[in-house]
$ cat model.pdb   # PDB, C-alpha atoms
MODEL        1
ATOM      1  CA  MET A   7     124.261 129.898  91.970
ATOM      2  CA  LYS A   8     122.197 132.734  90.581
ATOM      3  CA  GLU A   9     119.881 134.758  92.842
ATOM      4  CA  SER A  10     116.738 133.518  91.027
ATOM      5  CA  GLU A  11     117.795 129.875  91.423
ATOM      6  CA  ARG A  12     118.516 130.412  95.129
ATOM      7  CA  ARG A  13     114.995 131.832  95.672
ATOM      8  CA  SER A  14     113.241 128.982  93.855
ATOM      9  CA  ALA A  15     115.292 126.244  95.510
ATOM     10  CA  PRO A  16     113.299 124.359  98.190
ATOM     11  CA  TYR A  17     114.270 124.693 101.837
ATOM     12  CA  PRO A  18     114.625 121.113 103.106
ATOM     13  CA  GLY A  19     114.381 122.167 106.763
ATOM     14  CA  VAL A  20     111.122 124.066 106.238
ATOM     15  CA  ARG A  21     109.586 121.280 104.157
ATOM     16  CA  ARG A  22     110.486 118.709 106.834
ATOM     17  CA  THR A  23     108.933 120.893 109.561
ATOM     18  CA  VAL A  24     105.710 121.355 107.566
ATOM     19  CA  VAL A  25     105.403 117.622 106.871
ATOM     20  CA  ARG A  26     105.974 116.755 110.528
ATOM     21  CA  SER A  27     103.465 119.394 111.675
ATOM     22  CA  VAL A  28     100.782 118.117 109.305
ATOM     23  CA  ALA A  29     101.430 114.505 110.376
ATOM     24  CA  THR A  30     101.204 115.536 114.041
ATOM     25  CA  LEU A  31      97.910 117.374 113.442
ATOM     26  CA  VAL A  32      96.423 114.362 111.633
ATOM     27  CA  GLY A  33      97.541 112.071 114.464
ATOM     28  CA  MET A  34      96.081 114.388 117.110
ATOM     29  CA  PHE A  35      92.758 114.553 115.261
ATOM     30  CA  ALA A  36      92.588 110.750 114.935
ATOM     31  CA  PHE A  37      93.406 110.340 118.636
ATOM     32  CA  ALA A  38      90.747 112.881 119.683
ATOM     33  CA  PHE A  39      88.172 111.174 117.453
ATOM     34  CA  ALA A  40      88.894 107.751 119.006
ATOM     35  CA  LEU A  41      89.138 109.055 122.583
ATOM     36  CA  VAL A  42      85.387 109.153 123.357
ATOM     37  CA  PRO A  43      84.590 105.510 122.487
ATOM     38  CA  LEU A  44      87.814 104.356 124.155
ATOM     39  CA  TYR A  45      86.913 106.337 127.286
ATOM     40  CA  ASP A  46      83.404 104.837 127.351
ATOM     41  CA  VAL A  47      84.800 101.306 127.076
ATOM     42  CA  PHE A  48      87.375 102.020 129.800
ATOM     43  CA  CYS A  49      84.720 103.429 132.154
ATOM     44  CA  GLU A  50      82.361 100.520 131.481
ATOM     45  CA  VAL A  51      85.056  97.955 132.240
ATOM     46  CA  THR A  52      86.464  99.662 135.336
ATOM     47  CA  GLY A  53      83.362 101.450 136.658
ATOM     48  CA  ILE A  54      85.377 104.661 136.958
ATOM     49  CA  ASN A  55      83.572 108.006 136.627
ATOM     50  CA  GLY A  56      80.226 106.592 137.693
ATOM     51  CA  LYS A  57      79.272 105.134 134.310
ATOM     52  CA  THR A  58      76.320 102.786 134.662
ATOM     53  CA  ASN A  59      75.191  99.868 132.555
ATOM     54  CA  GLY A  60      73.120 100.986 129.550
ATOM     55  CA  THR A  61      70.913  97.880 129.377
ATOM     56  CA  ALA A  62      68.319  96.318 131.653
ATOM     57  CA  GLN A  63      69.663  93.897 134.235
ATOM     58  CA  ALA A  64      67.905  91.007 135.898
ATOM     59  CA  LEU A  65      66.780  91.339 139.493
ATOM     60  CA  ILE A  66      69.129  89.413 141.785
ATOM     61  CA  HIS A  67      67.086  87.313 144.178
ATOM     62  CA  GLN A  68      69.092  87.635 147.352
ATOM     63  CA  GLU A  69      68.282  88.213 150.959
ATOM     64  CA  VAL A  70      67.753  91.835 151.841
ATOM     65  CA  ASP A  71      70.376  93.195 154.224
ATOM     66  CA  GLU A  72      68.001  94.685 156.796
ATOM     67  CA  SER A  73      70.877  95.544 159.121
ATOM     68  CA  ARG A  74      71.905  98.417 156.884
ATOM     69  CA  TYR A  75      70.318 101.425 155.182
ATOM     70  CA  VAL A  76      71.760 103.309 152.198
ATOM     71  CA  THR A  77      70.438 106.712 151.117
ATOM     72  CA  VAL A  78      69.969 107.040 147.352
ATOM     73  CA  GLN A  79      69.704 110.631 146.113
ATOM     74  CA  PHE A  80      68.391 111.679 142.687
ATOM     75  CA  ILE A  81      69.514 114.795 140.819
ATOM     76  CA  THR A  82      68.186 115.887 137.419
ATOM     77  CA  ARG A  83      69.920 118.364 135.118
ATOM     78  CA  ASN A  84      69.252 119.825 131.688
ATOM     79  CA  GLY A  85      71.997 119.726 129.096
ATOM     80  CA  SER A  86      72.179 122.620 126.657
ATOM     81  CA  GLY A  87      69.945 122.583 123.597
ATOM     82  CA  LEU A  88      66.990 120.595 124.950
ATOM     83  CA  PRO A  89      63.893 122.514 126.168
ATOM     84  CA  TRP A  90      62.748 119.748 128.509
ATOM     85  CA  ASN A  91      62.318 119.441 132.252
ATOM     86  CA  LEU A  92      62.938 116.228 134.161
ATOM     87  CA  GLU A  93      61.411 115.844 137.609
ATOM     88  CA  VAL A  94      61.648 113.052 140.162
ATOM     89  CA  GLU A  95      58.762 112.268 142.524
ATOM     90  CA  THR A  96      61.078 111.962 145.512
ATOM     91  CA  ARG A  97      64.571 113.401 145.830
ATOM     92  CA  GLN A  98      65.913 110.597 148.006
ATOM     93  CA  VAL A  99      64.982 107.188 149.341
ATOM     94  CA  ARG A 100      66.456 104.956 152.021
ATOM     95  CA  VAL A 101      66.904 101.371 150.896
ATOM     96  CA  HIS A 102      68.379  98.131 152.163
ATOM     97  CA  PRO A 103      70.999  96.482 149.938
ATOM     98  CA  GLY A 104      69.314  93.664 148.038
ATOM     99  CA  GLN A 105      65.933  95.440 148.062
ATOM    100  CA  SER A 106      64.315  96.470 144.754
ATOM    101  CA  THR A 107      62.874  99.991 144.686
ATOM    102  CA  GLU A 108      60.763 101.954 142.200
ATOM    103  CA  VAL A 109      60.918 105.742 141.779
ATOM    104  CA  GLY A 110      58.840 107.779 139.325
ATOM    105  CA  PHE A 111      60.242 110.401 136.939
ATOM    106  CA  ALA A 112      58.393 112.833 134.669
ATOM    107  CA  PHE A 113      59.587 114.417 131.423
ATOM    108  CA  GLN A 114      58.003 117.655 130.177
ATOM    109  CA  ASN A 115      58.615 119.206 126.748
ATOM    110  CA  ALA A 116      58.407 122.973 127.290
ATOM    111  CA  SER A 117      58.835 123.845 123.604
ATOM    112  CA  SER A 118      56.310 124.312 120.778
ATOM    113  CA  ALA A 119      57.767 121.464 118.706
ATOM    114  CA  GLY A 120      58.303 117.749 119.073
ATOM    115  CA  THR A 121      61.865 116.790 120.003
ATOM    116  CA  TRP A 122      64.003 113.795 120.879
ATOM    117  CA  GLY A 123      66.083 113.539 124.024
ATOM    118  CA  ARG A 124      67.937 111.140 126.244
ATOM    119  CA  ALA A 125      68.693 111.041 129.959
ATOM    120  CA  VAL A 126      72.304 110.009 130.594
ATOM    121  CA  PRO A 127      73.034 108.665 134.106
ATOM    122  CA  SER A 128      76.110 108.860 136.294
ATOM    123  CA  VAL A 129      76.703 107.591 139.817
ATOM    124  CA  SER A 130      78.651 109.022 142.729
ATOM    125  CA  PRO A 131      80.769 107.717 144.354
ATOM    126  CA  SER A 132      82.081 106.000 141.240
ATOM    127  CA  ASN A 133      82.884 102.755 143.067
ATOM    128  CA  ALA A 134      79.140 102.345 143.749
ATOM    129  CA  ALA A 135      78.329 102.166 140.022
ATOM    130  CA  PRO A 136      79.018  98.417 139.604
ATOM    131  CA  HIS A 137      76.669  97.709 142.538
ATOM    132  CA  LEU A 138      73.697  99.635 141.113
ATOM    133  CA  ARG A 139      71.459  97.357 139.046
ATOM    134  CA  LYS A 140      68.693  98.927 136.961
ATOM    135  CA  MET A 141      65.876  96.594 135.909
ATOM    136  CA  THR A 142      63.727  99.319 134.327
ATOM    137  CA  CYS A 143      65.029 102.736 133.288
ATOM    138  CA  PHE A 144      64.044 105.436 130.816
ATOM    139  CA  CYS A 145      67.781 105.957 130.266
ATOM    140  CA  PHE A 146      68.020 102.775 128.196
ATOM    141  CA  GLU A 147      66.521 104.447 125.136
ATOM    142  CA  GLU A 148      65.836 107.800 123.544
ATOM    143  CA  GLN A 149      62.502 109.498 124.255
ATOM    144  CA  HIS A 150      60.294 111.545 121.963
ATOM    145  CA  LEU A 151      57.932 114.216 123.298
ATOM    146  CA  MET A 152      55.477 116.245 121.252
ATOM    147  CA  ALA A 153      55.061 119.959 121.984
ATOM    148  CA  GLY A 154      53.971 120.426 125.616
ATOM    149  CA  GLU A 155      53.776 116.666 126.221
ATOM    150  CA  ARG A 156      54.377 115.176 129.683
ATOM    151  CA  LEU A 157      55.615 111.602 130.056
ATOM    152  CA  GLU A 158      55.890 109.663 133.323
ATOM    153  CA  LEU A 159      58.300 106.725 133.478
ATOM    154  CA  PRO A 160      59.653 104.570 136.325
ATOM    155  CA  LEU A 161      63.133 103.670 137.472
ATOM    156  CA  VAL A 162      63.361 100.255 139.150
ATOM    157  CA  PHE A 163      66.734  99.605 140.742
ATOM    158  CA  GLN A 164      68.555  97.503 143.296
ATOM    159  CA  LEU A 165      71.776  97.973 145.242
ATOM    160  CA  SER A 166      73.652  94.701 145.577
ATOM    161  CA  ARG A 167      74.459  93.314 149.009
ATOM    162  CA  ASP A 168      78.188  93.527 148.292
ATOM    163  CA  LEU A 169      78.083  97.334 148.144
ATOM    164  CA  PRO A 170      81.185  98.444 150.107
ATOM    165  CA  PRO A 171      80.284  99.008 153.773
ATOM    166  CA  ASP A 172      81.775 102.512 153.823
ATOM    167  CA  ILE A 173      79.234 103.732 151.224
ATOM    168  CA  ASN A 174      76.196 105.143 153.028
ATOM    169  CA  THR A 175      74.965 107.532 150.312
ATOM    170  CA  VAL A 176      74.701 106.958 146.560
ATOM    171  CA  THR A 177      73.853 109.849 144.229
ATOM    172  CA  LEU A 178      72.305 109.107 140.851
ATOM    173  CA  VAL A 179      72.436 112.050 138.416
ATOM    174  CA  TYR A 180      70.422 112.175 135.190
ATOM    175  CA  THR A 181      71.421 114.779 132.614
ATOM    176  CA  LEU A 182      69.167 115.477 129.612
ATOM    177  CA  TYR A 183      70.751 115.775 126.174
ATOM    178  CA  PRO A 184      69.156 116.449 122.769
ATOM    179  CA  VAL A 185      69.112 113.707 120.143
ATOM    180  CA  THR A 186      68.999 114.588 116.451
ATOM    181  CA  ARG A 187      66.255 112.700 114.637
ATOM    182  CA  ASP A 188      64.097 113.307 111.552
ATOM    183  CA  GLU A 189      60.805 114.748 112.832
ATOM    184  CA  ALA A 190      58.916 114.636 109.519
ATOM    185  CA  PRO A 191      57.432 111.089 109.790
ATOM    186  CA  LEU A 192      56.262 111.653 113.378
ATOM    187  CA  GLN A 193      54.730 115.042 112.582
ATOM    188  CA  ALA A 194      52.919 113.531 109.608
ATOM    189  CA  LEU A 195      51.460 110.814 111.824
ATOM    190  CA  ALA A 196      50.395 113.354 114.441
ATOM    191  CA  THR A 197      48.589 115.624 111.973
ATOM    192  CA  ASP A 198      47.211 112.936 109.672
ATOM    193  CA  GLY A 199      46.149 110.421 112.322
ATOM    194  CA  LYS A 200      45.896 107.691 109.669
ATOM    195  CA  GLY A 201      49.359 106.200 109.686
ATOM    196  CA  ASP A 202      50.786 106.236 106.185
ATOM    197  CA  GLU A 203      47.572 107.165 104.367
ATOM    198  CA  ALA A 204      47.599 110.632 102.806
TER     199      ALA A 204
ENDMDL
END
$ encode --input "model.pdb" --output "structure tokens"
Amino acid sequence: MKESERRSAPYPGVRRTVVRSVATLVGMFAFAFALVPLYDVFCEVTGINGKTNGTAQALIHQEVDESRYVTVQFITRNGSGLPWNLEVETRQVRVHPGQSTEVGFAFQNASSAGTWGRAVPSVSPSNAAPHLRKMTCFCFEEQHLMAGERLELPLVFQLSRDLPPDINTVTLVYTLYPVTRDEAPLQALATDGKGDEA
């Protein structure tokens, strides 16, 4: 075989390695893309990692367990990219399992523009998450605040009577995250004040 033919001849080992590497990269990308929804479904089914229900739940009419108190703590955190503050009127409450309780929260947009955001909850310890029922919560939907706007919203919750007896403290953490939305229609309404009339 001539030298020129040897140089132009394909290397089967190299080609096989490249094809396998590309296939592996595509598979890894597909797996990473599917991992988040799969993880959310897994956490919702098992209650692991303190994931809470994202929809309103009905109040369970059951006798209040007055023989026991549970301390519920509230922590608020800001995720990156959202210039909001989230405050809670009281950092902790003592409740009886089976008792419904309301706590007030306040959102404040510290920026000079209207933005969308969402408060994402998590519960610790994670095995308390299935026993926390939220009847009213700002976390069920995205919120919009105009520049400098303050919004006060309630959380109404209940701990079920079958909360494990070794759980004496439940911590509910709300983390704020930005939500990308088109601001143009809302800004037009705010400046025009006449709905869709120009």
$ atom_distance --input "model.pdb" --atom1 "atom CA of Val78 of chain A" --atom2 "atom CA of Leu151 of chain A"
27.8 Å
$ atom_distance --input "model.pdb" --atom1 "atom CA of Phe80 of chain A" --atom2 "atom CA of Arg97 of chain A"
5.2 Å
$ atom_distance --input "model.pdb" --atom1 "atom CA of Gly104 of chain A" --atom2 "atom CA of Ser128 of chain A"
20.4 Å
$ residues_around --input "model.pdb" --residues "Thr107 of chain A" --least-positions-apart "4" --cutoff "9 Å" --atoms "all atoms listed in the file" --output "number ranges by chain"
A: 99, 101, 161-164
$ residues_around --input "model.pdb" --residues "Gln98 of chain A" --least-positions-apart "3" --cutoff "12 Å" --atoms "all atoms listed in the file" --output "compact mmCIF listing (two decimals) with C-alpha atoms, in the frame of the given file"
# COMPACT_ATOMS: atom_id res chain seq x y z
CA VAL A 76 71.76 103.31 152.20
CA THR A 77 70.44 106.71 151.12
CA VAL A 78 69.97 107.04 147.35
CA GLN A 79 69.70 110.63 146.11
CA PHE A 80 68.39 111.68 142.69
CA ILE A 81 69.51 114.80 140.82
CA VAL A 94 61.65 113.05 140.16
CA GLU A 95 58.76 112.27 142.52
CA VAL A 101 66.90 101.37 150.90
CA THR A 107 62.87 99.99 144.69
CA GLU A 108 60.76 101.95 142.20
CA VAL A 109 60.92 105.74 141.78
CA GLY A 110 58.84 107.78 139.32
CA THR A 175 74.96 107.53 150.31
CA VAL A 176 74.70 106.96 146.56
CA THR A 177 73.85 109.85 144.23
CA LEU A 178 72.31 109.11 140.85
CA VAL A 179 72.44 112.05 138.42
$ resolve_selection --input "model.pdb" --expression "the PyMOL selection byres ((chain A and resi 112) around 12)" --output "list in words"
Thr82, Trp90, Asn91, Leu92, Glu93, Val94, Glu95, Thr96, Val109, Gly110, Phe111, Phe113, Gln114, Asn115, Ala125, Phe144, Gln149, Leu151, Glu155, Arg156, Leu157, Glu158, Leu159, Pro160 and Leu161 of chain A
$ closest_residue --input "model.pdb" --among "A:Ser73, A:Ser166, A:Ser106, A:Ser117" --to "Met141 of chain A" --atoms "all atoms listed in the file"
A:Ser106
$ axis_aligned_box --input "model.pdb" --around "segment 18-31 of chain A" --padding-each-side "5 Å" --output "AutoDock Vina command-line options"
--center_x 106.3 --center_y 119.3 --center_z 108.6 --size_x 26.7 --size_y 19.6 --size_z 20.9
$ residues_around --input "model.pdb" --residues "Val126 of chain A" --least-positions-apart "3" --cutoff "7 Å" --atoms "only C-alpha atoms" --output "ChimeraX atom specification"
/A:145,180-182
$ closest_residue --input "model.pdb" --among "A:Gln105, A:Val70, A:Pro127, A:Gly33" --to "Arg83 of chain A" --atoms "only C-alpha atoms"
A:Pro127
$ closest_residue --input "model.pdb" --among "A:Arg100, A:Arg74, A:Arg139, A:Arg22" --to "Asp172 of chain A" --atoms "all atoms listed in the file"
A:Arg74
